>>> print(open('model07.cif').read())   # mmCIF, C-alpha atoms; chains and numbers go by the auth columns
data_model
#
loop_
_atom_site.group_PDB
_atom_site.id
_atom_site.type_symbol
_atom_site.label_atom_id
_atom_site.label_comp_id
_atom_site.label_asym_id
_atom_site.label_seq_id
_atom_site.Cartn_x
_atom_site.Cartn_y
_atom_site.Cartn_z
_atom_site.B_iso_or_equiv
_atom_site.auth_seq_id
_atom_site.auth_asym_id
ATOM 1 C CA MET A 1 56.821 67.922 54.750 0.00 1 A
ATOM 2 C CA GLU A 2 55.088 68.989 57.914 0.00 2 A
ATOM 3 C CA ILE A 3 52.357 66.692 59.220 0.00 3 A
ATOM 4 C CA GLU A 4 49.126 68.414 60.168 0.00 4 A
ATOM 5 C CA LYS A 5 47.863 67.127 63.489 0.00 5 A
ATOM 6 C CA VAL A 6 44.665 67.802 65.343 0.00 6 A
ATOM 7 C CA TYR A 7 44.477 66.796 68.983 0.00 7 A
ATOM 8 C CA ASP A 8 41.045 65.679 70.166 0.00 8 A
ATOM 9 C CA ASP A 9 41.332 65.158 73.922 0.00 9 A
ATOM 10 C CA GLU A 10 43.952 62.378 74.064 0.00 10 A
ATOM 11 C CA GLU A 11 43.752 61.206 70.443 0.00 11 A
ATOM 12 C CA MET A 12 45.877 62.478 67.582 0.00 12 A
ATOM 13 C CA VAL A 13 44.129 62.839 64.227 0.00 13 A
ATOM 14 C CA ILE A 14 46.150 62.998 60.999 0.00 14 A
ATOM 15 C CA LEU A 15 44.395 65.113 58.390 0.00 15 A
ATOM 16 C CA PRO A 16 44.098 63.897 54.764 0.00 16 A
ATOM 17 C CA PRO A 17 45.665 63.323 52.358 0.00 17 A
ATOM 18 C CA TYR A 18 47.605 60.256 53.553 0.00 18 A
ATOM 19 C CA TRP A 19 47.938 56.539 52.866 0.00 19 A
ATOM 20 C CA TRP A 20 46.547 53.805 55.112 0.00 20 A
ATOM 21 C CA VAL A 21 49.070 50.951 54.861 0.00 21 A
ATOM 22 C CA GLU A 22 48.954 47.422 56.239 0.00 22 A
ATOM 23 C CA TYR A 23 52.221 45.503 56.118 0.00 23 A
ATOM 24 C CA VAL A 24 53.977 42.475 57.592 0.00 24 A
ATOM 25 C CA ASP A 25 57.439 42.862 59.147 0.00 25 A
ATOM 26 C CA ASP A 26 60.346 40.403 59.038 0.00 26 A
ATOM 27 C CA ASP A 27 59.068 38.583 62.131 0.00 27 A
ATOM 28 C CA GLY A 28 55.594 38.076 60.636 0.00 28 A
ATOM 29 C CA HIS A 29 53.874 40.763 62.733 0.00 29 A
ATOM 30 C CA LYS A 30 51.160 42.833 61.040 0.00 30 A
ATOM 31 C CA HIS A 31 51.274 46.608 61.300 0.00 31 A
ATOM 32 C CA LEU A 32 48.926 49.437 60.333 0.00 32 A
ATOM 33 C CA ALA A 33 50.326 52.851 59.514 0.00 33 A
ATOM 34 C CA ALA A 34 48.994 56.219 58.403 0.00 34 A
ATOM 35 C CA ILE A 35 51.734 57.628 56.170 0.00 35 A
ATOM 36 C CA LYS A 36 51.905 61.194 54.813 0.00 36 A
ATOM 37 C CA ASP A 37 55.396 61.085 53.275 0.00 37 A
ATOM 38 C CA ILE A 38 55.607 59.393 49.833 0.00 38 A
ATOM 39 C CA ALA A 39 59.309 58.597 50.361 0.00 39 A
ATOM 40 C CA TYR A 40 58.494 56.715 53.573 0.00 40 A
ATOM 41 C CA LEU A 41 55.692 54.856 51.784 0.00 41 A
ATOM 42 C CA GLU A 42 58.179 53.745 49.110 0.00 42 A
ATOM 43 C CA TYR A 43 60.612 52.655 51.858 0.00 43 A
ATOM 44 C CA ILE A 44 57.901 50.517 53.496 0.00 44 A
ATOM 45 C CA LYS A 45 57.048 48.967 50.110 0.00 45 A
ATOM 46 C CA THR A 46 60.676 47.970 49.472 0.00 46 A
ATOM 47 C CA ARG A 47 61.482 46.857 53.023 0.00 47 A
ATOM 48 C CA PHE A 48 58.364 44.894 54.088 0.00 48 A
ATOM 49 C CA THR A 49 55.531 42.843 52.621 0.00 49 A
ATOM 50 C CA VAL A 50 52.717 45.337 52.009 0.00 50 A
ATOM 51 C CA THR A 51 49.245 43.797 51.965 0.00 51 A
ATOM 52 C CA THR A 52 47.050 46.913 51.644 0.00 52 A
ATOM 53 C CA VAL A 53 47.550 50.513 50.545 0.00 53 A
ATOM 54 C CA LYS A 54 44.561 52.842 50.573 0.00 54 A
ATOM 55 C CA ALA A 55 44.734 56.522 49.683 0.00 55 A
ATOM 56 C CA ILE A 56 42.753 58.691 52.089 0.00 56 A
ATOM 57 C CA GLU A 57 41.875 61.996 50.470 0.00 57 A
ATOM 58 C CA GLU A 58 39.835 64.976 51.531 0.00 58 A
#
>>> encode(input="model07.cif", output="structure tokens")
Amino acid sequence: MEIEKVYDDEEMVILPPYWWVEYVDDDGHKHLAAIKDIAYLEYIKTRFTVTTVKAIEE
């Protein structure tokens, strides 16, 4: 799956649809991720403690 990207000056914008995921790694650090690939989302869910998953749609 190719990720659509729009560059606005120095910022990269990921176009919907995607999932906004907050998770905690093995060291207890919180992370935020914008994920477009469902397989990667499932990997994150099985590997780390996911606290929030929000679907961002058009």
>>> residues_near_point(input="model07.cif", point="(46.8, 56.8, 56.0)", cutoff="6 Å", atoms="all atoms listed in the file", output="MDAnalysis selection string")
chainID A and resid 18:20 34:35 56
>>> resolve_selection(input="model07.cif", expression="the PyMOL selection byres ((chain A and resi 50) around 10)", output="ChimeraX atom specification")
/A:21-25,30-31,41,44-49,51-53
>>> atom_distance(input="model07.cif", atom1="atom CA of Ala55 of chain A", atom2="atom CA of Leu32 of chain A")
13.5 Å
>>> atom_distance(input="model07.cif", atom1="atom CA of Ala39 of chain A", atom2="atom CA of Glu11 of chain A")
25.5 Å
>>> atom_distance(input="model07.cif", atom1="atom CA of Tyr43 of chain A", atom2="atom CA of Glu58 of chain A")
24.2 Å
>>> axis_aligned_box(input="model07.cif", around="segment 10-25 of chain A", padding_each_side="8 Å", output="AutoDock Vina command-line options")
--center_x 50.6 --center_y 53.8 --center_z 63.2 --size_x 29.7 --size_y 38.6 --size_z 37.7
>>> closest_residue(input="model07.cif", among="A:Met12, A:His29, A:Pro17, A:Asp37", to="Lys54 of chain A", atoms="all atoms listed in the file")
A:Pro17
